[in-house]
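start_18.cif (mmCIF, C-alpha atoms) appears below.
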data_protein
#
loop_
_atom_site.label_atom_id
_atom_site.label_comp_id
_atom_site.auth_asym_id
_atom_site.auth_seq_id
_atom_site.Cartn_x
_atom_site.Cartn_y
_atom_site.Cartn_z
CA MET A 1 -1.71 -33.55 0.71
CA LYS A 2 -0.23 -34.18 -2.70
CA LEU A 3 -0.11 -31.21 -5.03
CA PRO A 4 -1.64 -31.54 -8.51
CA GLU A 5 0.79 -32.52 -11.25
CA SER A 6 0.16 -29.28 -13.12
CA VAL A 7 1.18 -27.28 -10.05
CA LEU A 8 4.36 -29.31 -9.60
CA LYS A 9 5.17 -28.78 -13.27
CA TYR A 10 5.14 -25.01 -12.85
CA GLN A 11 6.56 -24.80 -9.33
CA HIS A 12 9.59 -22.79 -10.48
CA GLU A 13 7.34 -20.26 -12.22
CA ILE A 14 5.08 -20.11 -9.19
CA TRP A 15 7.93 -19.26 -6.84
CA GLN A 16 9.20 -16.68 -9.32
CA ALA A 17 5.73 -15.11 -9.49
CA ILE A 18 5.49 -15.00 -5.69
CA GLY A 19 8.91 -13.35 -5.54
CA GLU A 20 7.85 -10.74 -8.10
CA THR A 21 4.72 -9.99 -6.07
CA PHE A 22 6.79 -9.53 -2.91
CA VAL A 23 9.13 -7.14 -4.75
CA MET A 24 6.27 -5.02 -6.09
CA VAL A 25 4.36 -4.92 -2.82
CA GLY A 26 7.51 -4.45 -0.73
CA ILE A 27 8.65 -1.41 -2.71
CA SER A 28 5.15 0.09 -2.66
CA ILE A 29 4.97 -0.35 1.14
CA ALA A 30 8.34 1.36 1.49
CA ALA A 31 7.13 4.25 -0.67
CA ALA A 32 3.92 4.49 1.35
CA VAL A 33 5.82 4.74 4.64
CA LEU A 34 8.68 6.96 3.47
CA ILE A 35 6.58 9.40 1.41
CA GLY A 36 2.92 8.68 2.17
CA LEU A 37 3.37 9.03 5.94
CA PRO A 38 4.97 12.52 5.75
CA LEU A 39 2.48 13.55 3.06
CA GLY A 40 -0.45 12.47 5.19
CA THR A 41 1.05 14.34 8.13
CA LEU A 42 1.29 17.51 6.04
CA LEU A 43 -2.32 17.10 4.95
CA TYR A 44 -3.22 17.01 8.63
CA LEU A 45 -1.03 19.96 9.65
CA PHE A 46 -2.32 22.16 6.80
CA ARG A 47 -5.97 21.57 7.66
CA ARG A 48 -8.10 24.35 9.13
CA GLY A 49 -7.53 24.66 12.85
CA GLN A 50 -4.19 22.83 12.87
CA ARG A 51 -0.75 24.25 13.63
CA TYR A 52 0.13 25.18 10.04
CA GLN A 53 -3.35 25.70 8.64
CA ASN A 54 -3.02 26.79 5.03
CA GLN A 55 -6.04 26.45 2.80
CA THR A 56 -4.04 26.84 -0.41
CA LEU A 57 -1.49 24.14 0.38
CA SER A 58 -4.18 21.93 1.85
CA PHE A 59 -6.25 22.26 -1.33
CA VAL A 60 -3.28 21.63 -3.65
CA LEU A 61 -1.97 18.58 -1.80
CA GLY A 62 -5.45 17.21 -1.23
CA SER A 63 -6.33 17.64 -4.89
CA ILE A 64 -3.20 15.82 -6.05
CA VAL A 65 -3.93 12.93 -3.72
CA ASN A 66 -7.56 12.81 -4.79
CA ILE A 67 -6.69 12.87 -8.50
CA VAL A 68 -4.25 9.97 -8.14
CA ARG A 69 -6.74 7.96 -6.09
CA SER A 70 -9.59 8.64 -8.53
CA PHE A 71 -7.67 7.14 -11.47
CA PRO A 72 -8.73 3.59 -12.38
CA PHE A 73 -5.50 1.75 -11.59
CA LEU A 74 -5.18 0.09 -14.98
CA LEU A 75 -5.46 3.48 -16.71
CA LEU A 76 -2.93 4.95 -14.27
CA VAL A 77 -0.44 2.24 -15.22
CA VAL A 78 -0.83 3.04 -18.92
CA PHE A 79 -0.83 6.81 -18.34
CA MET A 80 2.42 6.62 -16.38
CA ILE A 81 4.36 4.56 -18.92
CA PRO A 82 6.40 7.58 -20.18
CA PHE A 83 7.19 8.64 -16.60
CA THR A 84 8.05 5.06 -15.65
CA ARG A 85 10.46 4.88 -18.57
CA ILE A 86 12.18 8.07 -17.36
CA VAL A 87 12.48 6.84 -13.77
CA VAL A 88 13.73 3.28 -14.28
CA GLY A 89 14.81 3.36 -17.93
CA THR A 90 12.14 0.92 -19.09
CA SER A 91 8.39 0.49 -19.04
CA ILE A 92 8.49 -3.31 -18.87
CA GLY A 93 9.33 -5.61 -16.00
CA THR A 94 8.84 -5.95 -12.26
CA LEU A 95 10.86 -2.84 -11.42
CA ALA A 96 8.85 -0.76 -13.89
CA ALA A 97 5.64 -2.08 -12.35
CA THR A 98 6.65 -0.70 -8.96
CA VAL A 99 6.50 2.92 -10.19
CA PRO A 100 2.72 3.28 -10.69
CA LEU A 101 2.15 0.94 -7.76
CA SER A 102 4.26 3.18 -5.52
CA VAL A 103 2.44 6.30 -6.71
CA ILE A 104 -0.98 4.90 -5.83
CA ALA A 105 0.44 3.54 -2.56
CA ILE A 106 1.67 6.99 -1.53
CA ALA A 107 -1.68 8.65 -2.25
CA TYR A 108 -3.70 5.84 -0.69
CA TYR A 109 -1.74 5.68 2.56
CA ALA A 110 -1.48 9.47 2.86
CA ARG A 111 -5.26 9.68 3.25
CA LEU A 112 -5.26 6.89 5.80
CA VAL A 113 -2.54 8.67 7.78
CA GLU A 114 -4.48 11.92 7.72
CA GLN A 115 -7.58 10.15 9.02
CA ALA A 116 -5.64 8.38 11.76
CA LEU A 117 -4.17 11.69 12.95
CA LEU A 118 -7.59 13.35 12.88
CA ASP A 119 -8.77 10.68 15.30
CA VAL A 120 -6.21 11.82 17.88
CA PRO A 121 -8.06 13.70 20.65
CA ARG A 122 -7.76 17.47 20.42
CA GLY A 123 -6.62 17.54 24.03
CA VAL A 124 -3.39 15.75 23.10
CA VAL A 125 -2.50 18.48 20.60
CA GLU A 126 -3.35 21.20 23.10
CA ALA A 127 -1.27 19.50 25.78
CA ALA A 128 1.71 19.35 23.40
CA ALA A 129 1.31 23.06 22.59
CA SER A 130 1.10 24.00 26.28
CA MET A 131 4.39 22.19 26.90
CA GLY A 132 6.06 24.15 24.11
CA ALA A 133 6.55 21.15 21.84
CA SER A 134 8.07 21.87 18.45
CA THR A 135 6.35 20.64 15.32
CA MET A 136 8.65 17.64 15.11
CA GLN A 137 8.02 16.80 18.76
CA LEU A 138 4.27 17.23 18.26
CA VAL A 139 4.27 14.84 15.34
CA VAL A 140 6.70 12.20 16.59
CA LYS A 141 6.12 12.20 20.34
CA PHE A 142 2.40 12.96 20.44
CA LEU A 143 0.52 12.41 17.18
CA TYR A 144 2.32 9.28 15.98
CA VAL A 145 2.31 7.77 19.45
CA GLU A 146 -1.42 8.33 19.92
CA ALA A 147 -2.27 7.25 16.37
CA ARG A 148 0.13 4.29 16.15
CA SER A 149 -2.62 1.67 16.27
CA GLY A 150 -4.58 3.38 13.50
CA LEU A 151 -1.43 3.88 11.43
CA VAL A 152 -0.64 0.17 11.58
CA LEU A 153 -4.20 -0.80 10.71
CA GLY A 154 -4.14 1.68 7.83
CA LEU A 155 -0.89 0.22 6.52
CA THR A 156 -2.33 -3.27 6.82
CA THR A 157 -5.38 -2.27 4.80
CA ALA A 158 -3.19 -0.50 2.27
CA THR A 159 -0.88 -3.50 1.91
CA ILE A 160 -3.80 -5.77 1.07
CA SER A 161 -4.92 -3.25 -1.55
CA PHE A 162 -1.39 -3.15 -2.99
CA ILE A 163 -1.48 -6.93 -3.38
CA SER A 164 -4.77 -6.59 -5.26
CA TYR A 165 -3.30 -3.87 -7.50
CA SER A 166 -0.20 -5.97 -8.16
CA THR A 167 -2.31 -8.68 -9.79
CA VAL A 168 -2.93 -6.50 -12.85
CA MET A 169 0.70 -5.53 -13.40
CA GLY A 170 1.08 -8.08 -16.18
CA ILE A 171 0.07 -5.27 -18.55
CA VAL A 172 3.60 -3.88 -18.25
CA GLY A 173 5.24 -7.27 -17.95
CA GLY A 174 5.50 -6.88 -14.20
CA GLY A 175 4.73 -10.50 -13.54
CA GLY A 176 3.52 -11.55 -10.12
CA VAL A 177 0.99 -14.11 -8.95
CA GLY A 178 -1.94 -12.48 -10.75
CA ASP A 179 -0.11 -12.42 -14.08
CA PHE A 180 0.93 -16.05 -13.58
CA ALA A 181 -2.68 -17.07 -12.91
CA ILE A 182 -3.86 -15.40 -16.12
CA ARG A 183 -1.09 -16.75 -18.36
CA TYR A 184 -0.84 -20.29 -17.04
CA GLY A 185 -4.27 -20.81 -15.51
CA TYR A 186 -6.78 -18.89 -17.60
CA GLN A 187 -5.17 -18.69 -21.04
CA ARG A 188 -4.02 -22.34 -20.96
CA PHE A 189 -7.28 -23.55 -19.40
CA GLU A 190 -5.49 -25.15 -16.44
CA THR A 191 -8.08 -24.65 -13.71
CA GLU A 192 -5.90 -26.26 -11.03
CA ILE A 193 -3.27 -23.55 -11.54
CA MET A 194 -5.90 -20.83 -11.26
CA VAL A 195 -7.34 -22.30 -8.07
CA PHE A 196 -3.89 -22.82 -6.54
CA THR A 197 -2.82 -19.22 -7.16
CA ILE A 198 -6.10 -17.93 -5.70
CA ILE A 199 -5.45 -20.01 -2.58
CA ILE A 200 -1.95 -18.52 -2.34
CA MET A 201 -3.38 -15.00 -2.51
CA ILE A 202 -6.03 -15.77 0.11
CA ILE A 203 -3.44 -17.21 2.50
CA LEU A 204 -1.12 -14.25 1.97
CA VAL A 205 -3.87 -11.72 2.62
CA GLN A 206 -5.07 -13.54 5.71
CA MET A 207 -1.55 -13.66 7.15
CA ILE A 208 -1.05 -9.94 6.57
CA GLN A 209 -4.44 -9.06 8.06
CA PHE A 210 -3.88 -11.24 11.12
CA THR A 211 -0.39 -9.86 11.75
CA GLY A 212 -1.48 -6.25 11.26
CA SER A 213 -4.54 -6.62 13.47
CA ARG A 214 -2.58 -8.28 16.27
CA LEU A 215 0.15 -5.65 16.13
CA SER A 216 -2.41 -2.85 16.13
CA HIS A 217 -4.20 -4.38 19.11
CA TRP A 218 -0.92 -4.74 21.00
CA LEU A 219 0.07 -1.13 20.31
CA ASP A 220 -3.40 0.08 21.34
CA ARG A 221 -3.18 -1.71 24.69
CA ARG A 222 0.17 -0.03 25.41
CA SER A 223 -1.38 3.47 25.26
#

Using the file provided, produce a representation of the structure as structure tokens.
Amino acid sequence: MKLPESVLKYQHEIWQAIGETFVMVGISIAAAVLIGLPLGTLLYLFRRGQRYQNQTLSFVLGSIVNIVRSFPFLLLVVFMIPFTRIVVGTSIGTLAATVPLSVIAIAYYARLVEQALLDVPRGVVEAAASMGASTMQLVVKFLYVEARSGLVLGLTTATISFISYSTVMGIVGGGGVGDFAIRYGYQRFETEIMVFTIIIMIILVQMIQFTGSRLSHWLDRRS
């Protein structure tokens, strides 16, 4: 199938926009795993009835996560501009866009991790305690193993949300596919560009969902 002439004309910009989207989403995924996973685990451990139950810490951490998640993302991006400038030295560009995106990714995935761990049967935790498992052993060898399918599904869902969030990062000059669609498709009235970028996003989301679902199913069958 031959691509429309308008698409061919902007093929360099399209590939650049796709690359910018991958950078933003990739960094946010890394932040979600490296920080959101431990944070979600702490939310679980500090809950009532868990090994380190602590209502104060549970309330504080939970409130921080809830506040971040309750922010409309566009307002969060604007609100964080001073902090973004401190972290990366600028408030404009793809790297700057990853700061608010990573913050929302951490909070979003932390809740999904907490929920996945809560779904682990209580008997597994009791069995780990009866065997004298340390906290690290409980988390790594019992909780994560039992919840691995849910953790992967949660990360898949979160990744798709991160892609959606990345489409509005043009407000800080972050670029990406969404920003490209607005600038070249909507503002220049080139409908073919708009349709083509939407198709790209749909294909990307479907690929991520399929891969995540298959991996989750495979991990679930191994348990």

Assuming the chain letters and numbering stay as they are in my file, what does the PyMOL selection byres ((chain A and resi 138) around 10) actually select? List them as a short mmCIF file (atom, residue, chain, number, x, y, z; two decimals) with C-alpha atoms, in the coordinates of the input.
data_model
loop_
_atom_site.label_atom_id
_atom_site.label_comp_id
_atom_site.auth_asym_id
_atom_site.auth_seq_id
_atom_site.Cartn_x
_atom_site.Cartn_y
_atom_site.Cartn_z
CA ARG A 51 -0.75 24.25 13.63
CA VAL A 124 -3.39 15.75 23.10
CA VAL A 125 -2.50 18.48 20.60
CA GLU A 126 -3.35 21.20 23.10
CA ALA A 127 -1.27 19.50 25.78
CA ALA A 128 1.71 19.35 23.40
CA ALA A 129 1.31 23.06 22.59
CA MET A 131 4.39 22.19 26.90
CA GLY A 132 6.06 24.15 24.11
CA ALA A 133 6.55 21.15 21.84
CA SER A 134 8.07 21.87 18.45
CA THR A 135 6.35 20.64 15.32
CA MET A 136 8.65 17.64 15.11
CA GLN A 137 8.02 16.80 18.76
CA VAL A 139 4.27 14.84 15.34
CA VAL A 140 6.70 12.20 16.59
CA LYS A 141 6.12 12.20 20.34
CA PHE A 142 2.40 12.96 20.44
CA LEU A 143 0.52 12.41 17.18
CA TYR A 144 2.32 9.28 15.98
CA VAL A 145 2.31 7.77 19.45
#

**Message:** Report as JSON, numbers by chain all protein, DNA and RNA residues lying within 10 Å of Ser58 (chain A), evaluated on all atoms listed in the file, omitting residues in the same chain fewer than 6 positions from it.
**Reply:** {"A": [42, 43, 44, 45, 46, 47, 48, 52]}

**Asked** If you measure from CA of Ser149 (chain A) to CA of Leu215 (chain A), what distance in Å do you get, rounded to one decimal?
**Response**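 Between these atoms lies a distance of 7.8 Å.
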
For region 72-85 of chain A, list every protein, DNA or RNA residue within 10 Å, evaluated using all atoms listed in the file, and leave out those in the same chain fewer than 2 positions away; present the list as a short mmCIF file (atom, residue, chain, number, x, y, z; two decimals) with C-alpha atoms, in the frame of the given file.
data_model
loop_
_atom_site.label_atom_id
_atom_site.label_comp_id
_atom_site.auth_asym_id
_atom_site.auth_seq_id
_atom_site.Cartn_x
_atom_site.Cartn_y
_atom_site.Cartn_z
CA VAL A 68 -4.25 9.97 -8.14
CA ARG A 69 -6.74 7.96 -6.09
CA SER A 70 -9.59 8.64 -8.53
CA VAL A 87 12.48 6.84 -13.77
CA VAL A 88 13.73 3.28 -14.28
CA GLY A 89 14.81 3.36 -17.93
CA THR A 90 12.14 0.92 -19.09
CA SER A 91 8.39 0.49 -19.04
CA ILE A 92 8.49 -3.31 -18.87
CA LEU A 95 10.86 -2.84 -11.42
CA ALA A 96 8.85 -0.76 -13.89
CA ALA A 97 5.64 -2.08 -12.35
CA THR A 98 6.65 -0.70 -8.96
CA VAL A 99 6.50 2.92 -10.19
CA PRO A 100 2.72 3.28 -10.69
CA LEU A 101 2.15 0.94 -7.76
CA VAL A 103 2.44 6.30 -6.71
CA ILE A 104 -0.98 4.90 -5.83
CA TYR A 165 -3.30 -3.87 -7.50
CA SER A 166 -0.20 -5.97 -8.16
CA VAL A 168 -2.93 -6.50 -12.85
CA MET A 169 0.70 -5.53 -13.40
CA ILE A 171 0.07 -5.27 -18.55
CA VAL A 172 3.60 -3.88 -18.25
#

**Item:** Å distance separating CA of Ala107 (chain A) from CA of Leu39 (chain A), one decimal place
**Value:**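 Distance between the two atoms: 8.3 Å.
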
**Item:** Shortest interatomic distance to Arg148 (chain A) - which of A:Leu37, A:Ala105, A:Ile199, A:Ile86, counting all atoms listed in the file
**Value:**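 Between A:Leu37, A:Ala105, A:Ile199, A:Ile86, the residue approaching Arg148 (chain A) most closely is A:Leu37.
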
**Request:** Grab the CA of Ser216 (chain A) to CA of Glu20 (chain A) distance for me, in Å with one decimal place.
**Result:**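 Interatomic distance, CA of Ser216 (chain A) to CA of Glu20 (chain A): 27.5 Å.
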
**Request:** Report as a list in words the full result of the PyMOL selection byres ((chain A and resi 110-117) around 6) when it is applied to this structure.
**Result:** Gly36, Leu37, Leu39, Gly40, Tyr44, Ile106, Ala107, Tyr108, Tyr109, Leu118, Asp119, Val120, Ala147, Gly150 and Gly154 of chain A

Your completed region 9-25 of chain A with N, CA and C atoms, as a short mmCIF file (atom, residue, chain, number, x, y, z; two decimals), keeping the file's coordinate frame:
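Below is the file selection-v3.cif, written as the result:
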data_model
loop_
_atom_site.label_atom_id
_atom_site.label_comp_id
_atom_site.auth_asym_id
_atom_site.auth_seq_id
_atom_site.Cartn_x
_atom_site.Cartn_y
_atom_site.Cartn_z
N LYS A 9 4.49 -29.06 -12.00
CA LYS A 9 5.17 -28.78 -13.27
C LYS A 9 5.61 -27.34 -13.37
N TYR A 10 4.82 -26.43 -12.76
CA TYR A 10 5.14 -25.01 -12.85
C TYR A 10 5.64 -24.44 -11.51
N GLN A 11 6.17 -25.29 -10.65
CA GLN A 11 6.56 -24.80 -9.33
C GLN A 11 7.64 -23.72 -9.39
N HIS A 12 8.55 -23.83 -10.34
CA HIS A 12 9.59 -22.79 -10.48
C HIS A 12 8.95 -21.47 -10.86
N GLU A 13 8.03 -21.48 -11.80
CA GLU A 13 7.34 -20.26 -12.22
C GLU A 13 6.48 -19.69 -11.10
N ILE A 14 5.90 -20.58 -10.31
CA ILE A 14 5.08 -20.11 -9.19
C ILE A 14 5.92 -19.37 -8.18
N TRP A 15 7.06 -19.94 -7.81
CA TRP A 15 7.93 -19.26 -6.84
C TRP A 15 8.46 -17.94 -7.39
N GLN A 16 8.75 -17.92 -8.68
CA GLN A 16 9.20 -16.68 -9.32
C GLN A 16 8.10 -15.63 -9.27
N ALA A 17 6.86 -16.04 -9.53
CA ALA A 17 5.73 -15.11 -9.49
C ALA A 17 5.51 -14.57 -8.07
N ILE A 18 5.64 -15.44 -7.08
CA ILE A 18 5.49 -15.00 -5.69
C ILE A 18 6.58 -14.00 -5.34
N GLY A 19 7.81 -14.27 -5.79
CA GLY A 19 8.91 -13.35 -5.54
C GLY A 19 8.67 -11.99 -6.18
N GLU A 20 8.15 -12.00 -7.41
CA GLU A 20 7.85 -10.74 -8.10
C GLU A 20 6.77 -9.95 -7.36
N THR A 21 5.78 -10.66 -6.84
CA THR A 21 4.72 -9.99 -6.07
C THR A 21 5.29 -9.36 -4.82
N PHE A 22 6.17 -10.07 -4.12
CA PHE A 22 6.79 -9.53 -2.91
C PHE A 22 7.63 -8.29 -3.23
N VAL A 23 8.33 -8.31 -4.36
CA VAL A 23 9.13 -7.14 -4.75
C VAL A 23 8.23 -5.93 -4.99
N MET A 24 7.17 -6.12 -5.77
CA MET A 24 6.27 -5.02 -6.09
C MET A 24 5.59 -4.47 -4.84
N VAL A 25 5.06 -5.36 -4.03
CA VAL A 25 4.36 -4.92 -2.82
C VAL A 25 5.34 -4.34 -1.81
#
